[in-house]
Amino acid sequence: MGVPIRPLLEGYRHPVGWEELKGVAAIDAHNALYQFISIIRQPDGTPLKDTEGRITSHLSGILFRTAHLLEKEISPVYIYDGSPPDLKQKTISERREVREAGQANWEDALRRGDTEAAYRAAMASSRIDHAIIGSSQRLLDALGIPWMQAPSEGEAQSAALIESGVATYSVSQDYDSLLFGASVLVRNLTVSGKRRIRGKQQTISPERIYLPELLDGLSMTREMLIDIAILVGTDFNDGIYGIGPKKAEKIVREGRFDEVLREKDPAFDPDPVREFFLSPPVTREYRPEWRPPDPEGVREMLIEEYGFSADRISGVLERIAPSRSSSGQKRLDQWF
DNA sequence: CCGCGTAA
DNA sequence: TTACGCGGG
């Protein structure tokens, strides 16, 4: 998932406080939904579900995260993927196979009573389907949070929104938006500082990467970074067997990119992948609009339709849209 | 993931 | 005040 260039970014992933994150956050919707669906699960891997068996993990995640971001004066806009390029077909089918294996392993581990293995397999089985996308968009509408459908990759669209000044930064756990030219990437935009990784708990805090600082520090161009990514493999090409980020960096610095490809994978033409990263399909028209939340709409959807507890919903709504009767009034002016 | 209750 | 475990749907 995402391009494996993390080792090159050591020293450029800076911890960042919430004060510095005020602004417009262009959130990779697929990435966020995947995080919610894969992580918000019971210990045996069962996701949150309503009485009809529909998954609700993502609704819980969006609701509480939205409240948190608004409190921090961060304006989120969610960017959904459009049609994937043909170049991505192989990645898409490989992901489907991983999911199906995860599903089988999950059922297997449940039968064995191995809860930890079940949780891990369940995470791998996560799938963002039409119902999840549709319900997430309905909830965002009720919350007054804008979202858009990108023509193609969401991360490419996020980069374009930053370039045109509409967004302040891109939010994703993956690094692809850097390849698409996003000048600022923020990871771990979460409130709780803890996350389960390989069964262990790790402390996580928001971090920021500036693309210009990264390229200056590494003394390379974005084109070179893209070539490195192509050698190690992206969502749009396989990468060369046996070449990781460090070797790829060396090869590109020495100007041996073409030579290595000719030798290791003569049939592969890297130009369409380069072209896709450098000028992907994006729209320049979109301007997000934040509206006041519709508390009744949120209640109707989450309590009536999906069986959320009324008390919990009231608590969150009070944070997002303080009612006049209670102490609130203090942050309603933010909308006008 | 997030909020809450409880413990220290 | 902060840390941890639990339940959420």
# chains A, B, ... in the order shown; residues from 1 in each chain; ligands from 1

call {"tool": "closest_atom_pairs", "arguments": {"of": "chain A", "to": "chain B", "cutoff": "10 Å", "atoms": "only C-alpha atoms (C1' of nucleotides)", "output": "CSV"}}
result
residue,atom,partner,partner_atom,distance
A:Gln35,CA,B:DC1,C1',7.8
A:Phe36,CA,B:DC1,C1',5.9
A:Ile37,CA,B:DC1,C1',8.9
A:Ser38,CA,B:DC1,C1',9.4
A:Ile39,CA,B:DC1,C1',6.4
A:Ile40,CA,B:DC1,C1',5.5
A:Arg41,CA,B:DC1,C1',9.0
A:Ser57,CA,B:DC1,C1',8.4
A:His58,CA,B:DC1,C1',8.7
A:Ser60,CA,B:DC1,C1',8.0
A:Gly61,CA,B:DC1,C1',5.5
A:Ile62,CA,B:DC1,C1',8.9
A:Leu63,CA,B:DC2,C1',9.4
A:Phe64,CA,B:DC2,C1',6.3
A:Arg65,CA,B:DC2,C1',7.8
A:His68,CA,B:DC2,C1',9.7
A:Thr190,CA,B:DC1,C1',8.1
A:Val191,CA,B:DC2,C1',7.9
A:Ser192,CA,B:DC2,C1',7.3
A:Lys194,CA,B:DC1,C1',9.9
A:Arg195,CA,B:DC1,C1',8.8
A:Arg312,CA,B:DG3,C1',8.6
A:Gly315,CA,B:DG3,C1',9.7
A:Val316,CA,B:DG3,C1',9.7

call {"tool": "write_last_selection", "arguments": {"atoms": "N, CA, C and O atoms", "output": "short mmCIF file (atom, residue, chain, number, x, y, z; two decimals), in the first residue's frame"}}
result
data_model
loop_
_atom_site.label_atom_id
_atom_site.label_comp_id
_atom_site.auth_asym_id
_atom_site.auth_seq_id
_atom_site.Cartn_x
_atom_site.Cartn_y
_atom_site.Cartn_z
N GLN A 35 -8.26 3.22 7.22
CA GLN A 35 -7.77 3.24 8.60
C GLN A 35 -8.89 2.90 9.58
O GLN A 35 -8.73 2.07 10.48
N PHE A 36 -10.03 3.57 9.41
CA PHE A 36 -11.15 3.36 10.32
C PHE A 36 -11.65 1.91 10.25
O PHE A 36 -11.84 1.25 11.27
N ILE A 37 -11.88 1.45 9.03
CA ILE A 37 -12.45 0.11 8.86
C ILE A 37 -11.50 -0.96 9.37
O ILE A 37 -11.91 -1.96 9.95
N SER A 38 -10.21 -0.76 9.16
CA SER A 38 -9.28 -1.81 9.57
C SER A 38 -9.01 -1.77 11.07
O SER A 38 -8.80 -2.81 11.68
N ILE A 39 -9.04 -0.59 11.67
CA ILE A 39 -8.61 -0.49 13.07
C ILE A 39 -9.77 -0.54 14.06
O ILE A 39 -9.62 -1.08 15.15
N ILE A 40 -10.92 0.03 13.70
CA ILE A 40 -12.03 0.07 14.66
C ILE A 40 -12.73 -1.28 14.66
O ILE A 40 -13.72 -1.51 13.96
N ARG A 41 -12.17 -2.17 15.45
CA ARG A 41 -12.66 -3.55 15.52
C ARG A 41 -12.55 -4.06 16.94
O ARG A 41 -11.77 -3.54 17.72
N SER A 57 -18.04 1.13 11.58
CA SER A 57 -16.76 1.59 12.13
C SER A 57 -16.36 2.95 11.56
O SER A 57 -15.90 3.84 12.29
N HIS A 58 -16.52 3.10 10.26
CA HIS A 58 -16.07 4.35 9.61
C HIS A 58 -16.92 5.54 10.03
O HIS A 58 -16.43 6.67 10.08
N SER A 60 -18.34 6.00 12.98
CA SER A 60 -17.82 6.37 14.29
C SER A 60 -16.51 7.16 14.14
O SER A 60 -16.32 8.21 14.75
N GLY A 61 -15.63 6.66 13.31
CA GLY A 61 -14.35 7.32 13.10
C GLY A 61 -14.49 8.73 12.55
O GLY A 61 -13.88 9.67 13.06
N ILE A 62 -15.32 8.88 11.52
CA ILE A 62 -15.50 10.20 10.91
C ILE A 62 -16.11 11.18 11.90
O ILE A 62 -15.68 12.32 12.03
N LEU A 63 -17.13 10.70 12.63
CA LEU A 63 -17.84 11.58 13.55
C LEU A 63 -16.90 12.16 14.61
O LEU A 63 -16.82 13.38 14.79
N PHE A 64 -16.17 11.29 15.29
CA PHE A 64 -15.33 11.77 16.38
C PHE A 64 -14.12 12.54 15.87
O PHE A 64 -13.67 13.50 16.47
N ARG A 65 -13.59 12.12 14.73
CA ARG A 65 -12.43 12.85 14.21
C ARG A 65 -12.83 14.24 13.73
O ARG A 65 -12.11 15.21 13.94
N HIS A 68 -13.08 16.54 16.60
CA HIS A 68 -11.75 16.88 17.07
C HIS A 68 -11.06 17.92 16.18
O HIS A 68 -10.50 18.91 16.66
N THR A 190 -4.34 12.24 14.23
CA THR A 190 -5.27 11.55 15.12
C THR A 190 -5.12 12.12 16.53
O THR A 190 -4.10 12.70 16.87
N VAL A 191 -6.14 11.90 17.33
CA VAL A 191 -6.10 12.45 18.68
C VAL A 191 -5.42 11.50 19.66
O VAL A 191 -4.52 11.90 20.39
N SER A 192 -5.83 10.25 19.64
CA SER A 192 -5.26 9.33 20.63
C SER A 192 -3.82 9.03 20.25
O SER A 192 -3.53 8.75 19.10
N LYS A 194 -2.05 6.57 20.91
CA LYS A 194 -1.65 5.16 20.93
C LYS A 194 -2.20 4.42 19.72
O LYS A 194 -3.28 4.71 19.23
N ARG A 195 -1.45 3.49 19.24
CA ARG A 195 -1.93 2.64 18.14
C ARG A 195 -1.33 1.25 18.28
O ARG A 195 -0.19 1.10 18.67
N ARG A 312 -24.21 9.34 23.24
CA ARG A 312 -22.89 9.58 22.63
C ARG A 312 -23.01 10.62 21.51
O ARG A 312 -22.16 11.50 21.38
N GLY A 315 -23.41 14.14 22.83
CA GLY A 315 -22.14 14.65 23.33
C GLY A 315 -21.28 15.23 22.21
O GLY A 315 -20.74 16.33 22.33
N VAL A 316 -21.19 14.50 21.10
CA VAL A 316 -20.37 14.97 19.99
C VAL A 316 -21.00 16.20 19.34
O VAL A 316 -20.31 17.17 19.02
#

call {"tool": "interface_residues", "arguments": {"of": "chain A", "to": "chain C", "cutoff": "8 Å", "atoms": "only C-alpha atoms (C1' of nucleotides)", "output": "PDB file with N, CA and C atoms, in the first residue's frame"}}
result
ATOM      1  N   LEU A  48     -17.414  -2.816  14.028  1.00  0.00           N
ATOM      2  CA  LEU A  48     -18.680  -2.330  14.577  1.00  0.00           C
ATOM      3  C   LEU A  48     -19.754  -2.495  13.500  1.00  0.00           C
ATOM      4  N   LYS A  49     -20.909  -3.022  13.897  1.00  0.00           N
ATOM      5  CA  LYS A  49     -21.998  -3.259  12.941  1.00  0.00           C
ATOM      6  C   LYS A  49     -23.333  -2.886  13.563  1.00  0.00           C
ATOM      7  N   ASP A  50     -24.286  -2.461  12.714  1.00  0.00           N
ATOM      8  CA  ASP A  50     -25.626  -2.205  13.239  1.00  0.00           C
ATOM      9  C   ASP A  50     -26.404  -3.523  13.273  1.00  0.00           C
ATOM     10  N   THR A  51     -27.691  -3.424  13.687  1.00  0.00           N
ATOM     11  CA  THR A  51     -28.462  -4.666  13.873  1.00  0.00           C
ATOM     12  C   THR A  51     -28.673  -5.417  12.565  1.00  0.00           C
ATOM     13  N   THR A  56     -20.281  -0.080  10.643  1.00  0.00           N
ATOM     14  CA  THR A  56     -20.426   1.311  11.081  1.00  0.00           C
ATOM     15  C   THR A  56     -19.120   1.893  11.632  1.00  0.00           C
ATOM     16  N   SER A  57     -18.040   1.131  11.581  1.00  0.00           N
ATOM     17  CA  SER A  57     -16.761   1.592  12.128  1.00  0.00           C
ATOM     18  C   SER A  57     -16.356   2.955  11.563  1.00  0.00           C
ATOM     19  N   TYR A 306     -28.704   3.735  12.139  1.00  0.00           N
ATOM     20  CA  TYR A 306     -27.573   2.838  12.409  1.00  0.00           C
ATOM     21  C   TYR A 306     -27.447   2.427  13.875  1.00  0.00           C
ATOM     22  N   GLY A 307     -28.375   2.902  14.712  1.00  0.00           N
ATOM     23  CA  GLY A 307     -28.420   2.376  16.083  1.00  0.00           C
ATOM     24  C   GLY A 307     -27.347   2.893  17.028  1.00  0.00           C
ATOM     25  N   PHE A 308     -26.752   4.068  16.720  1.00  0.00           N
ATOM     26  CA  PHE A 308     -25.789   4.646  17.660  1.00  0.00           C
ATOM     27  C   PHE A 308     -26.523   5.087  18.926  1.00  0.00           C
TER      28      PHE A 308
END

call {"tool": "select_by_dssp", "arguments": {"residues": "stretch 64-286 of chain A", "states": "strand (DSSP E or B)", "output": "ChimeraX atom specification"}}
result
/A:74-80,147-149,169-171,184-187,194-197,200-203,207-210,234,237

call {"tool": "write_last_selection", "arguments": {"atoms": "C-alpha atoms", "output": "short mmCIF file (atom, residue, chain, number, x, y, z; two decimals), in the first residue's frame"}}
result
data_model
loop_
_atom_site.label_atom_id
_atom_site.label_comp_id
_atom_site.auth_asym_id
_atom_site.auth_seq_id
_atom_site.Cartn_x
_atom_site.Cartn_y
_atom_site.Cartn_z
CA ILE A 74 -8.78 22.54 11.19
CA SER A 75 -11.17 22.58 8.22
CA PRO A 76 -11.28 19.13 6.64
CA VAL A 77 -12.19 18.42 3.03
CA TYR A 78 -12.35 14.76 2.01
CA ILE A 79 -11.00 13.75 -1.39
CA TYR A 80 -12.42 10.53 -2.87
CA TRP A 147 -16.00 16.33 -0.01
CA MET A 148 -15.19 15.92 -3.65
CA GLN A 149 -14.67 13.11 -6.10
CA TYR A 169 -1.76 20.37 3.44
CA SER A 170 -2.50 16.82 2.39
CA VAL A 171 -3.44 14.17 4.95
CA VAL A 184 3.05 19.54 2.63
CA LEU A 185 2.04 16.08 3.84
CA VAL A 186 0.67 15.43 7.33
CA ARG A 187 0.51 11.91 8.75
CA LYS A 194 -1.65 5.16 20.93
CA ARG A 195 -1.93 2.64 18.14
CA ARG A 196 -1.63 -1.12 17.97
CA ILE A 197 1.19 -2.16 15.69
CA LYS A 200 2.21 -3.96 20.51
CA GLN A 201 1.14 -0.47 21.52
CA GLN A 202 3.10 2.42 20.02
CA THR A 203 2.79 6.11 20.68
CA GLU A 207 4.04 14.56 11.77
CA ARG A 208 4.63 16.87 8.84
CA ILE A 209 6.82 16.54 5.77
CA TYR A 210 7.67 19.48 3.52
CA THR A 234 4.46 2.10 -6.94
CA ASN A 237 4.27 -0.40 -11.65
#

call {"tool": "select_by_dssp", "arguments": {"residues": "stretch 35-235 of chain A", "states": "alpha helix (DSSP H)", "output": "MDAnalysis selection string"}}
result
chainID A and resid 35:39 57:71 89:112 115:124 130:143 154:163 176:179 211:218 222:232

call {"tool": "atom_distance", "arguments": {"atom1": "atom CA of A:Glu249", "atom2": "atom CA of A:Val232"}}
result
9.6 Å

call {"tool": "atom_distance", "arguments": {"atom1": "atom CA of A:Met301", "atom2": "atom CA of A:Ile55"}}
result
13.8 Å

call {"tool": "decode", "arguments": {"residues": "chain C", "atoms": "all heavy atoms", "output": "short mmCIF file (atom, residue, chain, number, x, y, z; two decimals), in the first residue's frame"}}
result
data_model
loop_
_atom_site.label_atom_id
_atom_site.label_comp_id
_atom_site.auth_asym_id
_atom_site.auth_seq_id
_atom_site.Cartn_x
_atom_site.Cartn_y
_atom_site.Cartn_z
P DT C 1 -6.09 19.56 35.01
OP1 DT C 1 -6.18 20.86 35.58
OP2 DT C 1 -7.00 18.65 34.41
"O5'" DT C 1 -4.60 19.15 34.60
"C5'" DT C 1 -3.58 19.03 35.62
"C4'" DT C 1 -2.87 17.69 35.53
"O4'" DT C 1 -3.44 16.81 36.53
"C3'" DT C 1 -3.06 16.98 34.18
"O3'" DT C 1 -1.91 17.16 33.38
"C2'" DT C 1 -3.30 15.53 34.55
"C1'" DT C 1 -3.32 15.49 36.07
N1 DT C 1 -4.49 14.73 36.66
C2 DT C 1 -4.29 13.47 37.14
O2 DT C 1 -3.21 12.89 37.10
N3 DT C 1 -5.40 12.87 37.68
C4 DT C 1 -6.67 13.40 37.80
O4 DT C 1 -7.58 12.77 38.31
C5 DT C 1 -6.82 14.74 37.26
C7 DT C 1 -8.16 15.40 37.33
C6 DT C 1 -5.74 15.33 36.73
P DT C 2 -1.82 16.50 31.91
OP1 DT C 2 -0.66 17.15 31.28
OP2 DT C 2 -3.17 16.58 31.30
"O5'" DT C 2 -1.49 14.96 32.13
"C5'" DT C 2 -0.30 14.57 32.83
"C4'" DT C 2 -0.33 13.06 33.00
"O4'" DT C 2 -1.47 12.67 33.81
"C3'" DT C 2 -0.46 12.29 31.67
"O3'" DT C 2 0.56 11.31 31.65
"C2'" DT C 2 -1.88 11.72 31.71
"C1'" DT C 2 -2.10 11.56 33.22
N1 DT C 2 -3.52 11.55 33.69
C2 DT C 2 -3.94 10.53 34.52
O2 DT C 2 -3.22 9.62 34.88
N3 DT C 2 -5.27 10.60 34.92
C4 DT C 2 -6.18 11.58 34.57
O4 DT C 2 -7.33 11.55 35.00
C5 DT C 2 -5.68 12.62 33.69
C7 DT C 2 -6.61 13.71 33.26
C6 DT C 2 -4.39 12.55 33.30
P DA C 3 0.57 10.08 30.64
OP1 DA C 3 1.97 9.67 30.46
OP2 DA C 3 -0.28 10.45 29.50
"O5'" DA C 3 -0.18 8.93 31.46
"C5'" DA C 3 0.52 8.21 32.45
"C4'" DA C 3 -0.07 6.82 32.56
"O4'" DA C 3 -1.45 6.94 33.02
"C3'" DA C 3 -0.13 6.06 31.24
"O3'" DA C 3 0.25 4.72 31.50
"C2'" DA C 3 -1.58 6.21 30.79
"C1'" DA C 3 -2.34 6.33 32.10
N9 DA C 3 -3.53 7.19 32.07
C8 DA C 3 -3.66 8.43 31.49
N7 DA C 3 -4.85 8.97 31.64
C5 DA C 3 -5.56 8.04 32.38
C6 DA C 3 -6.89 8.01 32.88
N6 DA C 3 -7.77 9.00 32.68
N1 DA C 3 -7.27 6.92 33.57
C2 DA C 3 -6.39 5.93 33.76
N3 DA C 3 -5.12 5.85 33.35
C4 DA C 3 -4.77 6.94 32.66
P DC C 4 0.27 3.60 30.41
OP1 DC C 4 1.32 2.64 30.80
OP2 DC C 4 0.27 4.23 29.07
"O5'" DC C 4 -1.15 2.91 30.66
"C5'" DC C 4 -1.46 2.42 31.95
"C4'" DC C 4 -2.81 1.73 31.90
"O4'" DC C 4 -3.86 2.72 31.91
"C3'" DC C 4 -3.03 0.88 30.65
"O3'" DC C 4 -3.52 -0.37 31.07
"C2'" DC C 4 -4.04 1.68 29.84
"C1'" DC C 4 -4.82 2.39 30.93
N1 DC C 4 -5.51 3.66 30.54
C2 DC C 4 -6.82 3.90 30.98
O2 DC C 4 -7.37 3.03 31.67
N3 DC C 4 -7.44 5.07 30.65
C4 DC C 4 -6.80 5.98 29.91
N4 DC C 4 -7.44 7.11 29.63
C5 DC C 4 -5.46 5.75 29.45
C6 DC C 4 -4.86 4.60 29.78
P DG C 5 -3.67 -1.62 30.09
OP1 DG C 5 -2.76 -2.67 30.57
OP2 DG C 5 -3.58 -1.10 28.70
"O5'" DG C 5 -5.17 -2.07 30.34
"C5'" DG C 5 -5.88 -1.60 31.49
"C4'" DG C 5 -7.35 -1.96 31.33
"O4'" DG C 5 -8.09 -0.75 30.99
"C3'" DG C 5 -7.66 -2.95 30.21
"O3'" DG C 5 -8.76 -3.74 30.63
"C2'" DG C 5 -7.95 -2.06 29.01
"C1'" DG C 5 -8.61 -0.84 29.67
N9 DG C 5 -8.35 0.45 29.02
C8 DG C 5 -7.20 0.85 28.37
N7 DG C 5 -7.27 2.07 27.91
C5 DG C 5 -8.54 2.51 28.28
C6 DG C 5 -9.18 3.77 28.06
O6 DG C 5 -8.75 4.76 27.48
N1 DG C 5 -10.46 3.78 28.61
C2 DG C 5 -11.04 2.74 29.29
N2 DG C 5 -12.28 2.94 29.74
N3 DG C 5 -10.45 1.57 29.50
C4 DG C 5 -9.21 1.52 28.97
P DC C 6 -9.60 -4.70 29.69
OP1 DC C 6 -10.14 -5.77 30.52
OP2 DC C 6 -8.80 -5.00 28.47
"O5'" DC C 6 -10.80 -3.73 29.29
"C5'" DC C 6 -11.64 -3.20 30.32
"C4'" DC C 6 -12.86 -2.59 29.69
"O4'" DC C 6 -12.49 -1.34 29.06
"C3'" DC C 6 -13.50 -3.45 28.60
"O3'" DC C 6 -14.88 -3.47 28.83
"C2'" DC C 6 -13.08 -2.76 27.30
"C1'" DC C 6 -12.95 -1.31 27.72
N1 DC C 6 -11.99 -0.46 26.95
C2 DC C 6 -12.36 0.84 26.62
O2 DC C 6 -13.47 1.26 26.95
N3 DC C 6 -11.48 1.62 25.94
C4 DC C 6 -10.27 1.15 25.61
N4 DC C 6 -9.44 1.96 24.95
C5 DC C 6 -9.88 -0.18 25.95
C6 DC C 6 -10.75 -0.94 26.61
P DG C 7 -15.86 -4.45 28.07
OP1 DG C 7 -16.81 -4.99 29.07
OP2 DG C 7 -15.09 -5.34 27.17
"O5'" DG C 7 -16.67 -3.41 27.18
"C5'" DG C 7 -17.39 -2.36 27.84
"C4'" DG C 7 -17.96 -1.45 26.79
"O4'" DG C 7 -16.88 -0.71 26.17
"C3'" DG C 7 -18.69 -2.16 25.66
"O3'" DG C 7 -19.89 -1.43 25.42
"C2'" DG C 7 -17.69 -2.14 24.50
"C1'" DG C 7 -16.93 -0.84 24.77
N9 DG C 7 -15.55 -0.77 24.29
C8 DG C 7 -14.60 -1.77 24.29
N7 DG C 7 -13.44 -1.38 23.81
C5 DG C 7 -13.64 -0.04 23.49
C6 DG C 7 -12.74 0.91 22.93
O6 DG C 7 -11.56 0.76 22.62
N1 DG C 7 -13.35 2.15 22.77
C2 DG C 7 -14.65 2.44 23.08
N2 DG C 7 -15.05 3.68 22.84
N3 DG C 7 -15.49 1.56 23.60
C4 DG C 7 -14.93 0.35 23.77
P DG C 8 -20.90 -1.80 24.27
OP1 DG C 8 -22.24 -1.61 24.87
OP2 DG C 8 -20.53 -3.07 23.61
"O5'" DG C 8 -20.68 -0.62 23.22
"C5'" DG C 8 -20.72 0.72 23.67
"C4'" DG C 8 -20.36 1.63 22.52
"O4'" DG C 8 -18.95 1.50 22.24
"C3'" DG C 8 -21.08 1.29 21.22
"O3'" DG C 8 -21.40 2.50 20.60
"C2'" DG C 8 -20.02 0.52 20.43
"C1'" DG C 8 -18.78 1.27 20.86
N9 DG C 8 -17.51 0.56 20.71
C8 DG C 8 -17.21 -0.72 21.09
N7 DG C 8 -15.97 -1.05 20.85
C5 DG C 8 -15.42 0.09 20.27
C6 DG C 8 -14.10 0.32 19.80
O6 DG C 8 -13.15 -0.43 19.80
N1 DG C 8 -13.97 1.61 19.28
C2 DG C 8 -14.99 2.54 19.24
N2 DG C 8 -14.69 3.72 18.70
N3 DG C 8 -16.22 2.31 19.68
C4 DG C 8 -16.36 1.08 20.17
P DG C 9 -22.94 2.80 20.11
OP1 DG C 9 -23.07 4.25 19.89
OP2 DG C 9 -23.89 2.11 21.01
"O5'" DG C 9 -22.97 2.04 18.73
"C5'" DG C 9 -22.17 2.50 17.67
"C4'" DG C 9 -22.31 1.57 16.49
"O4'" DG C 9 -21.69 0.30 16.79
"C3'" DG C 9 -23.74 1.24 16.10
"O3'" DG C 9 -23.77 1.02 14.71
"C2'" DG C 9 -24.01 -0.07 16.82
"C1'" DG C 9 -22.66 -0.74 16.75
N9 DG C 9 -22.33 -1.62 17.87
C8 DG C 9 -22.67 -1.44 19.19
N7 DG C 9 -22.23 -2.40 19.96
C5 DG C 9 -21.55 -3.25 19.10
C6 DG C 9 -20.87 -4.44 19.36
O6 DG C 9 -20.71 -5.01 20.44
N1 DG C 9 -20.32 -4.99 18.21
C2 DG C 9 -20.43 -4.44 16.97
N2 DG C 9 -19.85 -5.10 15.98
N3 DG C 9 -21.08 -3.31 16.70
C4 DG C 9 -21.61 -2.77 17.82
#
